[in-house]
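Heads up, target08.pdb below (PDB, C-alpha atoms):
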ATOM      1  CA  MET I   1      60.661 124.698 120.020
ATOM      2  CA  THR I   2      60.660 124.574 123.812
ATOM      3  CA  ASN I   3      61.495 121.744 126.146
ATOM      4  CA  GLY I   4      58.664 119.299 126.562
ATOM      5  CA  THR I   5      57.271 119.863 123.074
ATOM      6  CA  ALA I   6      59.993 118.042 121.128
ATOM      7  CA  THR I   7      58.698 115.186 119.065
ATOM      8  CA  PRO I   8      60.846 112.028 118.966
ATOM      9  CA  THR I   9      61.974 112.927 115.432
ATOM     10  CA  ASP I  10      62.855 116.488 116.469
ATOM     11  CA  LEU I  11      64.849 115.270 119.447
ATOM     12  CA  ASP I  12      66.666 112.619 117.427
ATOM     13  CA  THR I  13      67.668 115.275 114.891
ATOM     14  CA  ARG I  14      68.885 117.664 117.584
ATOM     15  CA  LEU I  15      70.901 114.972 119.345
ATOM     16  CA  GLU I  16      72.394 113.577 116.135
ATOM     17  CA  ALA I  17      73.628 117.046 115.162
ATOM     18  CA  HIS I  18      76.179 116.744 117.979
ATOM     19  CA  ARG I  19      77.310 113.148 117.371
ATOM     20  CA  THR I  20      80.547 113.868 115.478
ATOM     21  CA  GLU I  21      81.901 116.442 117.915
ATOM     22  CA  LEU I  22      80.897 114.293 120.896
ATOM     23  CA  THR I  23      82.651 111.303 119.327
ATOM     24  CA  GLY I  24      85.772 113.428 118.925
ATOM     25  CA  TYR I  25      85.586 114.477 122.571
ATOM     26  CA  CYS I  26      85.066 110.926 123.850
ATOM     27  CA  TYR I  27      87.827 109.625 121.573
ATOM     28  CA  ARG I  28      90.303 112.132 123.000
ATOM     29  CA  MET I  29      89.198 111.156 126.503
ATOM     30  CA  LEU I  30      89.305 107.386 125.993
ATOM     31  CA  GLY I  31      91.890 106.775 123.259
ATOM     32  CA  SER I  32      89.675 104.077 121.751
ATOM     33  CA  SER I  33      87.611 104.329 118.577
ATOM     34  CA  PHE I  34      85.036 101.779 119.650
ATOM     35  CA  GLU I  35      84.809 102.871 123.288
ATOM     36  CA  ALA I  36      84.280 106.449 122.082
ATOM     37  CA  GLU I  37      81.364 105.409 119.897
ATOM     38  CA  ASP I  38      79.931 103.334 122.755
ATOM     39  CA  ALA I  39      80.274 106.334 125.081
ATOM     40  CA  VAL I  40      78.442 108.602 122.655
ATOM     41  CA  GLN I  41      75.663 106.086 122.193
ATOM     42  CA  ASP I  42      75.326 105.839 125.982
ATOM     43  CA  THR I  43      75.248 109.657 126.120
ATOM     44  CA  MET I  44      72.455 109.792 123.545
ATOM     45  CA  VAL I  45      70.405 107.166 125.376
ATOM     46  CA  ARG I  46      70.808 108.989 128.712
ATOM     47  CA  ALA I  47      69.881 112.304 127.076
ATOM     48  CA  TRP I  48      66.807 110.787 125.483
ATOM     49  CA  ARG I  49      65.638 109.209 128.732
ATOM     50  CA  SER I  50      66.159 112.319 130.857
ATOM     51  CA  TYR I  51      65.231 115.013 128.345
ATOM     52  CA  ASP I  52      62.018 115.800 130.201
ATOM     53  CA  LYS I  53      64.195 116.790 133.197
ATOM     54  CA  PHE I  54      66.409 119.068 131.085
ATOM     55  CA  GLU I  55      65.248 122.492 132.130
ATOM     56  CA  GLY I  56      67.149 124.500 129.569
ATOM     57  CA  ARG I  57      69.419 126.104 132.172
ATOM     58  CA  SER I  58      72.275 125.449 129.746
ATOM     59  CA  SER I  59      72.402 124.829 126.035
ATOM     60  CA  LEU I  60      71.607 121.341 124.758
ATOM     61  CA  ARG I  61      75.244 121.098 123.623
ATOM     62  CA  SER I  62      76.603 121.882 127.105
ATOM     63  CA  TRP I  63      74.199 119.394 128.656
ATOM     64  CA  LEU I  64      75.316 116.669 126.257
ATOM     65  CA  TYR I  65      78.971 117.382 127.038
ATOM     66  CA  ARG I  66      78.199 117.087 130.742
ATOM     67  CA  ILE I  67      76.607 113.673 130.182
ATOM     68  CA  ALA I  68      79.447 112.547 127.888
ATOM     69  CA  THR I  69      82.056 113.657 130.415
ATOM     70  CA  ASN I  70      80.393 111.647 133.174
ATOM     71  CA  VAL I  71      80.175 108.601 130.893
ATOM     72  CA  CYS I  72      83.889 108.875 130.047
ATOM     73  CA  LEU I  73      84.948 109.429 133.661
ATOM     74  CA  ASP I  74      82.981 106.325 134.647
ATOM     75  CA  MET I  75      84.700 104.336 131.895
ATOM     76  CA  LEU I  76      88.126 105.588 133.006
ATOM     77  CA  THR I  77      87.736 104.597 136.658
ATOM     78  CA  ALA I  78      89.552 101.343 135.885
ATOM     79  CA  GLY I  79      92.645 103.474 135.361
ATOM     80  CA  ASN I  80      93.788 101.833 132.158
ATOM     81  CA  LYS I  81      95.727 104.156 129.846
ATOM     82  CA  ARG I  82      95.772 103.520 126.135
ATOM     83  CA  ALA I  83      99.330 103.467 124.819
ATOM     84  CA  ARG I  84     101.599 103.151 121.818
ATOM     85  CA  PRO I  85     104.366 100.538 121.704
ATOM     86  CA  MET I  86     107.030 103.171 122.517
ATOM     87  CA  ASP I  87     105.148 104.014 125.717
ATOM     88  CA  LEU I  88     105.556 100.443 126.987
ATOM     89  CA  THR I  89     108.901  99.031 125.850
ATOM     90  CA  GLU I  90     112.307 100.038 124.558
ATOM     91  CA  SER I  91     113.004 100.007 120.839
ATOM     92  CA  THR I  92     114.083  96.538 119.720
ATOM     93  CA  PRO I  93     117.007  95.923 117.339
ATOM     94  CA  LEU I  94     115.939  93.975 114.282
ATOM     95  CA  ALA I  95     118.132  91.021 115.270
ATOM     96  CA  GLN I  96     116.033  90.612 118.441
ATOM     97  CA  ALA I  97     112.657  91.353 116.874
ATOM     98  CA  ALA I  98     109.799  89.215 118.152
ATOM     99  CA  LEU I  99     106.109  89.731 117.427
ATOM    100  CA  THR I 100     104.469  89.621 120.859
ATOM    101  CA  PRO I 101     100.809  90.716 120.895
ATOM    102  CA  ARG I 102      99.114  92.488 123.793
ATOM    103  CA  PRO I 103      95.362  92.696 124.472
ATOM    104  CA  ASP I 104      93.235  95.153 122.482
ATOM    105  CA  HIS I 105      92.579  97.371 125.506
ATOM    106  CA  THR I 106      96.305  98.148 125.704
ATOM    107  CA  TRP I 107      96.475 100.201 122.547
ATOM    108  CA  LEU I 108      95.705 103.695 121.431
ATOM    109  CA  GLU I 109      93.422 103.107 118.461
ATOM    110  CA  PRO I 110      93.175 104.838 115.062
ATOM    111  CA  MET I 111      90.096 106.811 114.078
ATOM    112  CA  PRO I 112      88.761 108.043 110.708
ATOM    113  CA  ASP I 113      88.767 111.828 110.539
ATOM    114  CA  ALA I 114      85.176 111.902 109.342
ATOM    115  CA  ARG I 115      83.919 110.343 112.574
ATOM    116  CA  VAL I 116      85.543 112.870 114.921
ATOM    117  CA  LEU I 117      86.170 116.119 113.026
ATOM    118  CA  PRO I 118      83.026 118.220 112.494
ATOM    119  CA  THR I 119      82.808 120.250 109.300
ATOM    120  CA  THR I 120      83.904 123.850 109.826
ATOM    121  CA  ASP I 121      84.542 126.874 107.619
ATOM    122  CA  ASP I 122      87.225 128.174 110.010
ATOM    123  CA  PRO I 123      90.690 126.982 108.845
ATOM    124  CA  ALA I 124      92.273 127.693 112.241
ATOM    125  CA  GLU I 125      89.572 125.730 114.060
ATOM    126  CA  ALA I 126      89.973 122.845 111.605
ATOM    127  CA  ALA I 127      93.755 122.820 112.103
ATOM    128  CA  ILE I 128      93.435 122.677 115.906
ATOM    129  CA  ALA I 129      90.887 119.867 115.644
ATOM    130  CA  LYS I 130      93.194 117.811 113.416
ATOM    131  CA  GLU I 131      96.242 118.404 115.603
ATOM    132  CA  SER I 132      94.260 117.306 118.650
ATOM    133  CA  VAL I 133      93.584 113.810 117.282
ATOM    134  CA  ARG I 134      97.111 113.115 116.028
ATOM    135  CA  LEU I 135      98.661 110.045 117.570
ATOM    136  CA  ALA I 136     101.386 111.898 119.486
ATOM    137  CA  PHE I 137      98.911 114.290 121.126
ATOM    138  CA  MET I 138      96.478 111.474 121.838
ATOM    139  CA  ALA I 139      99.284 109.497 123.504
ATOM    140  CA  ALA I 140     100.171 112.520 125.634
ATOM    141  CA  LEU I 141      96.539 112.960 126.712
ATOM    142  CA  GLN I 142      96.487 109.380 127.968
ATOM    143  CA  GLN I 143      99.183 110.262 130.518
ATOM    144  CA  LEU I 144      96.922 112.787 132.255
ATOM    145  CA  PRO I 145      94.519 111.986 135.097
ATOM    146  CA  ALA I 146      90.993 111.766 133.749
ATOM    147  CA  LYS I 147      89.700 115.129 135.036
ATOM    148  CA  GLN I 148      92.839 116.968 133.891
ATOM    149  CA  ARG I 149      92.332 115.344 130.510
ATOM    150  CA  ALA I 150      88.761 116.650 130.359
ATOM    151  CA  VAL I 151      89.813 120.161 131.397
ATOM    152  CA  LEU I 152      92.615 120.337 128.840
ATOM    153  CA  ILE I 153      90.383 119.126 125.995
ATOM    154  CA  LEU I 154      87.501 121.435 126.890
ATOM    155  CA  ARG I 155      89.697 124.500 127.429
ATOM    156  CA  GLU I 156      92.412 124.156 124.785
ATOM    157  CA  VAL I 157      90.851 122.053 122.041
ATOM    158  CA  LEU I 158      87.201 123.097 122.251
ATOM    159  CA  ALA I 159      87.923 126.635 123.571
ATOM    160  CA  TRP I 160      85.427 126.566 126.418
ATOM    161  CA  LYS I 161      85.682 129.287 129.054
ATOM    162  CA  ALA I 162      86.977 128.298 132.489
ATOM    163  CA  SER I 163      83.586 129.202 133.974
ATOM    164  CA  GLU I 164      81.812 126.894 131.497
ATOM    165  CA  VAL I 165      84.137 124.012 132.323
ATOM    166  CA  ALA I 166      83.701 124.633 136.048
ATOM    167  CA  GLU I 167      79.926 124.453 135.669
ATOM    168  CA  LEU I 168      80.166 121.266 133.607
ATOM    169  CA  LEU I 169      82.437 119.562 136.167
ATOM    170  CA  ASP I 170      80.607 120.953 139.216
ATOM    171  CA  THR I 171      83.774 122.603 140.490
ATOM    172  CA  SER I 172      85.317 126.072 140.843
ATOM    173  CA  VAL I 173      87.051 128.215 138.246
ATOM    174  CA  ALA I 174      90.176 128.136 140.431
ATOM    175  CA  SER I 175      90.114 124.341 140.392
ATOM    176  CA  VAL I 176      89.739 124.295 136.604
ATOM    177  CA  ASN I 177      92.643 126.709 136.156
ATOM    178  CA  SER I 178      94.800 124.658 138.504
ATOM    179  CA  ALA I 179      94.006 121.425 136.634
ATOM    180  CA  LEU I 180      94.796 123.086 133.318
ATOM    181  CA  GLN I 181      98.135 124.348 134.638
ATOM    182  CA  ARG I 182      99.095 120.880 135.883
ATOM    183  CA  ALA I 183      98.025 119.277 132.605
ATOM    184  CA  ARG I 184     100.095 121.752 130.585
ATOM    185  CA  ALA I 185     103.107 121.117 132.803
ATOM    186  CA  THR I 186     102.819 117.350 132.353
ATOM    187  CA  LEU I 187     102.620 117.654 128.571
ATOM    188  CA  ALA I 188     105.551 120.083 128.486
ATOM    189  CA  GLU I 189     107.716 117.554 130.326
ATOM    190  CA  ARG I 190     106.992 114.819 127.812
ATOM    191  CA  LYS I 191     108.503 114.662 124.341
ATOM    192  CA  GLU I 192     106.202 112.345 122.434
ATOM    193  CA  PRO I 193     107.608 110.651 119.322
ATOM    194  CA  GLY I 194     105.743 112.184 116.404
ATOM    195  CA  ALA I 195     105.025 115.466 118.183
ATOM    196  CA  ASP I 196     106.972 117.342 115.493
ATOM    197  CA  ALA I 197     104.842 115.939 112.674
ATOM    198  CA  THR I 198     103.741 118.799 110.455
ATOM    199  CA  VAL I 199     101.068 118.274 107.831
ATOM    200  CA  SER I 200      99.305 121.166 106.160
ATOM    201  CA  ASP I 201      95.588 121.072 105.456
ATOM    202  CA  PRO I 202      95.181 120.471 102.606
ATOM    203  CA  LEU I 203      98.518 118.834 101.859
ATOM    204  CA  ASP I 204     100.954 121.174 100.173
ATOM    205  CA  GLU I 205     102.604 120.219  96.895
ATOM    206  CA  ASP I 206     105.789 118.867  98.488
ATOM    207  CA  GLN I 207     103.859 116.727 100.987
ATOM    208  CA  GLN I 208     101.677 115.288  98.247
ATOM    209  CA  LYS I 209     104.748 114.481  96.156
ATOM    210  CA  LEU I 210     106.297 112.761  99.195
ATOM    211  CA  LEU I 211     103.188 110.611  99.603
ATOM    212  CA  ASP I 212     103.104 109.794  95.893
ATOM    213  CA  ARG I 213     106.734 108.667  96.085
ATOM    214  CA  TYR I 214     105.936 106.649  99.207
ATOM    215  CA  VAL I 215     103.086 104.808  97.474
ATOM    216  CA  ALA I 216     105.305 104.030  94.496
ATOM    217  CA  ALA I 217     108.142 102.818  96.742
ATOM    218  CA  PHE I 218     105.892 100.699  98.995
ATOM    219  CA  GLU I 219     103.813  99.141  96.236
ATOM    220  CA  GLY I 220     107.026  98.427  94.319
ATOM    221  CA  TYR I 221     108.654  97.230  97.547
ATOM    222  CA  ASP I 222     111.684  99.303  96.557
ATOM    223  CA  MET I 223     113.766  99.607  99.723
ATOM    224  CA  THR I 224     116.250 101.985  98.116
ATOM    225  CA  ALA I 225     113.452 104.384  97.192
ATOM    226  CA  LEU I 226     111.837 103.962 100.616
ATOM    227  CA  THR I 227     115.136 104.671 102.371
ATOM    228  CA  ALA I 228     115.292 108.034 100.614
ATOM    229  CA  LEU I 229     111.894 108.983 102.075
ATOM    230  CA  LEU I 230     112.423 107.899 105.705
ATOM    231  CA  HIS I 231     114.037 110.087 108.329
ATOM    232  CA  GLU I 232     117.157 108.458 109.765
ATOM    233  CA  ASP I 233     115.412 108.199 113.145
ATOM    234  CA  ALA I 234     112.035 107.109 111.756
ATOM    235  CA  VAL I 235     109.899 104.901 113.987
ATOM    236  CA  MET I 236     107.763 101.936 112.948
ATOM    237  CA  THR I 237     105.048 100.416 115.158
ATOM    238  CA  MET I 238     102.642  97.513 114.589
ATOM    239  CA  PRO I 239      99.906  97.194 117.244
ATOM    240  CA  PRO I 240      98.749  94.742 118.583
ATOM    241  CA  PHE I 241     102.447  93.730 118.688
ATOM    242  CA  ASP I 242     104.564  95.641 121.192
ATOM    243  CA  LEU I 243     107.603  95.560 118.915
ATOM    244  CA  TRP I 244     108.744  98.912 117.589
ATOM    245  CA  LEU I 245     111.722  99.707 115.414
ATOM    246  CA  THR I 246     113.887 102.807 115.050
ATOM    247  CA  GLY I 247     115.995 103.796 112.074
ATOM    248  CA  VAL I 248     115.907 103.181 108.349
ATOM    249  CA  GLY I 249     118.082 100.054 108.456
ATOM    250  CA  ASP I 250     115.921  98.171 110.933
ATOM    251  CA  ILE I 251     112.650  99.258 109.283
ATOM    252  CA  THR I 252     113.649  98.234 105.764
ATOM    253  CA  GLY I 253     115.376  95.133 107.156
ATOM    254  CA  PHE I 254     112.139  94.088 108.837
ATOM    255  CA  MET I 255     110.168  94.694 105.660
ATOM    256  CA  THR I 256     112.428  92.389 103.661
ATOM    257  CA  THR I 257     112.469  89.606 106.289
ATOM    258  CA  LEU I 258     109.457  89.167 108.605
ATOM    259  CA  GLY I 259     107.495  91.634 106.492
ATOM    260  CA  ALA I 260     108.404  90.112 103.127
ATOM    261  CA  PRO I 261     104.830  88.821 102.445
ATOM    262  CA  CYS I 262     103.804  92.495 102.063
ATOM    263  CA  ALA I 263     105.654  92.748  98.751
ATOM    264  CA  GLY I 264     103.222  93.537  95.966
ATOM    265  CA  SER I 265     100.722  95.279  98.275
ATOM    266  CA  ARG I 266      98.222  97.941  97.225
ATOM    267  CA  LEU I 267      97.644 101.156  99.185
ATOM    268  CA  VAL I 268      94.305 102.989  99.378
ATOM    269  CA  PRO I 269      94.350 106.536 100.847
ATOM    270  CA  VAL I 270      92.475 107.152 104.099
ATOM    271  CA  GLN I 271      92.112 110.188 106.339
ATOM    272  CA  VAL I 272      93.078 109.064 109.830
ATOM    273  CA  ASN I 273      93.922 110.922 113.042
ATOM    274  CA  GLY I 274      94.437 114.189 111.191
ATOM    275  CA  LEU I 275      97.319 112.609 109.271
ATOM    276  CA  PRO I 276      97.903 110.991 105.885
ATOM    277  CA  GLY I 277      97.178 107.292 105.923
ATOM    278  CA  PHE I 278      96.644 104.245 103.783
ATOM    279  CA  ALA I 279      94.731 101.020 103.941
ATOM    280  CA  GLN I 280      97.241  98.338 103.000
ATOM    281  CA  TYR I 281      96.066  95.266 101.124
ATOM    282  CA  LYS I 282      98.614  92.503 100.585
ATOM    283  CA  PRO I 283      98.389  89.760  97.941
ATOM    284  CA  ASP I 284      95.965  86.964  98.822
ATOM    285  CA  PRO I 285      97.589  83.679  97.710
ATOM    286  CA  GLU I 286      94.415  81.661  98.359
ATOM    287  CA  LYS I 287      91.623  83.741  96.816
ATOM    288  CA  GLY I 288      93.664  85.913  94.495
ATOM    289  CA  GLY I 289      93.430  89.670  94.577
ATOM    290  CA  PHE I 290      94.310  91.402  97.812
ATOM    291  CA  THR I 291      93.430  90.937 101.473
ATOM    292  CA  PRO I 292      93.473  93.614 104.228
ATOM    293  CA  TRP I 293      96.661  93.817 106.229
ATOM    294  CA  ALA I 294      96.965  97.181 108.003
ATOM    295  CA  VAL I 295      95.798 100.745 108.379
ATOM    296  CA  GLN I 296      98.974 102.786 108.022
ATOM    297  CA  VAL I 297      99.295 106.215 109.658
ATOM    298  CA  LEU I 298     102.224 108.370 108.518
ATOM    299  CA  GLU I 299     103.926 111.184 110.419
ATOM    300  CA  ILE I 300     105.889 113.674 108.310
ATOM    301  CA  SER I 301     108.439 116.295 109.345
ATOM    302  CA  ASP I 302     110.841 118.385 107.248
ATOM    303  CA  GLY I 303     110.060 116.517 104.058
ATOM    304  CA  ARG I 304     110.674 113.022 105.434
ATOM    305  CA  ILE I 305     108.534 110.302 106.968
ATOM    306  CA  THR I 306     109.288 110.179 110.694
ATOM    307  CA  GLY I 307     106.575 107.782 111.854
ATOM    308  CA  PHE I 308     105.168 104.698 110.167
ATOM    309  CA  HIS I 309     102.395 103.193 112.294
ATOM    310  CA  CYS I 310     100.613 100.036 111.145
ATOM    311  CA  PHE I 311      97.411  98.954 112.892
ATOM    312  CA  LEU I 312      96.994  95.294 112.034
ATOM    313  CA  ASP I 313      93.596  94.281 113.421
ATOM    314  CA  THR I 314      91.955  94.570 110.021
ATOM    315  CA  GLN I 315      88.667  92.869 110.972
ATOM    316  CA  ARG I 316      88.033  95.849 113.242
ATOM    317  CA  TRP I 317      89.669  98.719 111.369
ATOM    318  CA  PHE I 318      88.630  98.182 107.767
ATOM    319  CA  PRO I 319      84.852  98.176 108.483
ATOM    320  CA  LEU I 320      85.359 101.251 110.708
ATOM    321  CA  PHE I 321      86.869 103.065 107.716
ATOM    322  CA  GLY I 322      84.197 101.777 105.347
ATOM    323  CA  LEU I 323      86.733  99.679 103.458
ATOM    324  CA  PRO I 324      86.092  96.331 101.720
ATOM    325  CA  LEU I 325      87.634  93.152 103.117
ATOM    326  CA  HIS I 326      88.870  92.082  99.685
ATOM    327  CA  LEU I 327      90.191  93.783  96.561
ATOM    328  CA  GLU I 328      90.034  92.141  93.174
ATOM    329  CA  ALA I 329      93.314  91.804  91.353
ATOM    330  CA  GLU I 330      92.476  94.485  88.809
ATOM    331  CA  THR I 331      91.276  96.963  91.462
ATOM    332  CA  ASP I 332      93.951  99.457  92.414
ATOM    333  CA  GLN I 333      91.784 102.029  94.146
ATOM    334  CA  VAL I 334      88.516 102.043  96.065
ATOM    335  CA  GLU I 335      86.557 104.873  97.523
ATOM    336  CA  GLN I 336      86.901 105.372 101.263
ATOM    337  CA  GLY I 337      83.424 104.978 102.727
ATOM    338  CA  ALA I 338      83.891 106.513 106.169
TER
END

Transcribe the structure of this file into structure tokens.
Amino acid sequence: MTNGTATPTDLDTRLEAHRTELTGYCYRMLGSSFEAEDAVQDTMVRAWRSYDKFEGRSSLRSWLYRIATNVCLDMLTAGNKRARPMDLTESTPLAQAALTPRPDHTWLEPMPDARVLPTTDDPAEAAIAKESVRLAFMAALQQLPAKQRAVLILREVLAWKASEVAELLDTSVASVNSALQRARATLAERKEPGADATVSDPLDEDQQKLLDRYVAAFEGYDMTALTALLHEDAVMTMPPFDLWLTGVGDITGFMTTLGAPCAGSRLVPVQVNGLPGFAQYKPDPEKGGFTPWAVQVLEISDGRITGFHCFLDTQRWFPLFGLPLHLEAETDQVEQGA
């Protein structure tokens, strides 16, 4: 099929074939689940409208990445950087804990794996893709200037050649190489919490046992059992609140005080940011059953949980993950829809 002869159905099919990888690219650029999907939709609309001007001088995929990059760079001109609580404030001792929310646009947002990780038969490619959407790497990307961010993602995550990136950005190979060098240097200087998280794909036997023990400890609200699973320097975050806690004592202390209503919760597995995660439903005293409370993302290193990140805006996150907004009392598990 040549340019100019594509039927609307043909073109829709060809564009849609790239949606997942483009969403992954825009998500890494923007740090926001919803902005990434908006950016991809904008990319598709622009591609549709200007397809008759696409002369086939590059592949359709390269052309779409060029459009998506321009959309993301336009969206990033405001200069806002998505962040995690530890990027903004110091860790707070439990005795001084206060739940202070910040606006949605402040936060690095979670993303279901299925929306950003294309299916591949190459285990090494799949591993790189998962690592590149983990929260620690995403947080590091947000510290880079927008064009350096694009260069690093295109070169090191998507394995584009320097010449291909230069053509996409309308710049020189030397400029691309320089931007990549600066981006690498910036990331090397930063030690992101969670950067040491190691999760095999699929989970190995020990990691799966750790998660099984975590579910049993959390659903049983057994702080002694949970203490045995947490690294002594484990971190807990709860966007949209800027509070974050460090250490087993403060985390379990929070869970038995301010977090006490979470006792009796149910956890449903989700695949999120290339890491193990759970949708947490806590008991609903009004309707019975269980009501959404958080999407939990876990970071694991050396057989312990090092990061425990709870995204609380359930009206946004649960539909994104294809999860119901209520569980009946007898329902312990549901299928993840995303």

Item to check | Test item: residues at most 10 Å from Gly289 of chain I, all atoms listed in the file, excluding those fewer than 3 positions along its chain, as an MDAnalysis selection string | outcome: chainID I and resid 265:266 281:286 326:331

Residues matched by the PyMOL selection byres ((chain I and resi 97) around 9), written as a PDB file with C-alpha atoms, in the coordinates of the input:
ATOM      1  CA  THR I  92     114.083  96.538 119.720  1.00  0.00           C
ATOM      2  CA  PRO I  93     117.007  95.923 117.339  1.00  0.00           C
ATOM      3  CA  LEU I  94     115.939  93.975 114.282  1.00  0.00           C
ATOM      4  CA  ALA I  95     118.132  91.021 115.270  1.00  0.00           C
ATOM      5  CA  GLN I  96     116.033  90.612 118.441  1.00  0.00           C
ATOM      6  CA  ALA I  98     109.799  89.215 118.152  1.00  0.00           C
ATOM      7  CA  LEU I  99     106.109  89.731 117.427  1.00  0.00           C
ATOM      8  CA  LEU I 243     107.603  95.560 118.915  1.00  0.00           C
ATOM      9  CA  TRP I 244     108.744  98.912 117.589  1.00  0.00           C
ATOM     10  CA  LEU I 245     111.722  99.707 115.414  1.00  0.00           C
ATOM     11  CA  PHE I 254     112.139  94.088 108.837  1.00  0.00           C
TER      12      PHE I 254
END

Checklist entry - Mind telling me what the PyMOL selection byres ((chain I and resi 303-306) around 10) catches here, as a PyMOL selection string? => result chain I and resi 193-194+196-199+206-207+209-211+214+226-236+246-248+298-302+307-309

Item to check | Between atom CA of Phe137 of chain I and atom CA of Lys191 of chain I - distance in Å to one decimal | outcome: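 Computing it gives 10.1 Å between the two atoms.
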
Under the rule of at most 12 Å, produce a per-residue listing of segment 2-87 of chain I near segment 154-157 of chain I: chain, number, name, the closest pair of atoms, and the distance in Å, as JSON lines, using only C-alpha atoms.
{"residue": "I:Glu21", "atom": "CA", "partner": "I:Val157", "partner_atom": "CA", "distance": 11.3}
{"residue": "I:Leu22", "atom": "CA", "partner": "I:Leu154", "partner_atom": "CA", "distance": 11.4}
{"residue": "I:Gly24", "atom": "CA", "partner": "I:Val157", "partner_atom": "CA", "distance": 10.5}
{"residue": "I:Tyr25", "atom": "CA", "partner": "I:Leu154", "partner_atom": "CA", "distance": 8.4}
{"residue": "I:Cys26", "atom": "CA", "partner": "I:Leu154", "partner_atom": "CA", "distance": 11.2}
{"residue": "I:Arg28", "atom": "CA", "partner": "I:Val157", "partner_atom": "CA", "distance": 10.0}
{"residue": "I:Met29", "atom": "CA", "partner": "I:Leu154", "partner_atom": "CA", "distance": 10.4}
{"residue": "I:Ser62", "atom": "CA", "partner": "I:Leu154", "partner_atom": "CA", "distance": 10.9}
{"residue": "I:Tyr65", "atom": "CA", "partner": "I:Leu154", "partner_atom": "CA", "distance": 9.4}
{"residue": "I:Arg66", "atom": "CA", "partner": "I:Leu154", "partner_atom": "CA", "distance": 11.0}
{"residue": "I:Thr69", "atom": "CA", "partner": "I:Leu154", "partner_atom": "CA", "distance": 10.1}

Item to check | Coordinates-based distance that separates atom CA of Ser32 of chain I from atom CA of Gln148 of chain I (Å, one decimal) | outcome: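 Interatomic distance here is 18.0 Å.
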
Item to check | Between atom CA of Ala139 of chain I and atom CA of Pro85 of chain I, distance in Å (one decimal) | outcome: 10.5 Å

Checklist entry - Which of these residues is nearest to Asp250 of chain I, using only C-alpha atoms: I:Thr237, I:Gln181, I:Ser172, I:Gln315? => result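 Using only C-alpha atoms, the shortest distance to Asp250 of chain I belongs to I:Thr237.
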
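Between Phe34 of chain I and the residues I:Ala162, I:Ala17, I:Val71, I:Leu108, the shortest atom-to-atom distance, using only C-alpha atoms, involves I:Leu108.
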
Item to check | Polymer residues at most 12 Å from (95.8, 102.4, 116.1) by all atoms listed in the file, as a VMD selection string | outcome: chain I and resid 31 to 34 82 to 85 104 to 112 133 to 136 138 to 139 237 to 241 272 to 273 277 294 to 298 308 to 314 316 to 318 320

Write the selection just made, keeping C-alpha atoms, as a compact mmCIF listing (two decimals), keeping the file's coordinate frame?
# COMPACT_ATOMS: atom_id res chain seq x y z
CA GLY I 31 91.89 106.78 123.26
CA SER I 32 89.68 104.08 121.75
CA SER I 33 87.61 104.33 118.58
CA PHE I 34 85.04 101.78 119.65
CA ARG I 82 95.77 103.52 126.14
CA ALA I 83 99.33 103.47 124.82
CA ARG I 84 101.60 103.15 121.82
CA PRO I 85 104.37 100.54 121.70
CA ASP I 104 93.24 95.15 122.48
CA HIS I 105 92.58 97.37 125.51
CA THR I 106 96.30 98.15 125.70
CA TRP I 107 96.48 100.20 122.55
CA LEU I 108 95.70 103.70 121.43
CA GLU I 109 93.42 103.11 118.46
CA PRO I 110 93.18 104.84 115.06
CA MET I 111 90.10 106.81 114.08
CA PRO I 112 88.76 108.04 110.71
CA VAL I 133 93.58 113.81 117.28
CA ARG I 134 97.11 113.12 116.03
CA LEU I 135 98.66 110.04 117.57
CA ALA I 136 101.39 111.90 119.49
CA MET I 138 96.48 111.47 121.84
CA ALA I 139 99.28 109.50 123.50
CA THR I 237 105.05 100.42 115.16
CA MET I 238 102.64 97.51 114.59
CA PRO I 239 99.91 97.19 117.24
CA PRO I 240 98.75 94.74 118.58
CA PHE I 241 102.45 93.73 118.69
CA VAL I 272 93.08 109.06 109.83
CA ASN I 273 93.92 110.92 113.04
CA GLY I 277 97.18 107.29 105.92
CA ALA I 294 96.96 97.18 108.00
CA VAL I 295 95.80 100.74 108.38
CA GLN I 296 98.97 102.79 108.02
CA VAL I 297 99.30 106.22 109.66
CA LEU I 298 102.22 108.37 108.52
CA PHE I 308 105.17 104.70 110.17
CA HIS I 309 102.40 103.19 112.29
CA CYS I 310 100.61 100.04 111.14
CA PHE I 311 97.41 98.95 112.89
CA LEU I 312 96.99 95.29 112.03
CA ASP I 313 93.60 94.28 113.42
CA THR I 314 91.96 94.57 110.02
CA ARG I 316 88.03 95.85 113.24
CA TRP I 317 89.67 98.72 111.37
CA PHE I 318 88.63 98.18 107.77
CA LEU I 320 85.36 101.25 110.71

Checklist entry - What lies within 10 Å of Leu15 of chain I using all atoms listed in the file, ignoring chain neighbours under 6 positions off, as a PyMOL selection string? => result chain I and resi 9+43-45+47-48+60-61+64

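Between Asp222 of chain I and the candidates I:Gln271, I:Ser132, I:Gln208, I:Thr252, the tightest atom-to-atom separation, counting only C-alpha atoms, involves I:Thr252.
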
Item to check | Residue IDs satisfying the PyMOL selection byres ((chain I and resi 292) around 6), as a count of residues only | outcome: 4

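Distance annotation: of I:Thr20, I:Ser50, I:Ser163, I:Thr77, the residue with the minimal separation from Ala36 of chain I is I:Thr20; atom set is all atoms listed in the file.
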
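Nearest residue to Cys262 of chain I among I:Glu37, I:Ala225, I:Phe290, I:Leu275 is I:Phe290, counting only C-alpha atoms.
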
Checklist entry - Between I:Asp242, I:Gln142, I:Ile67, I:Ala263, which is the closest to Arg102 of chain I once you count all atoms listed in the file? => result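 Closest candidate: I:Asp242.
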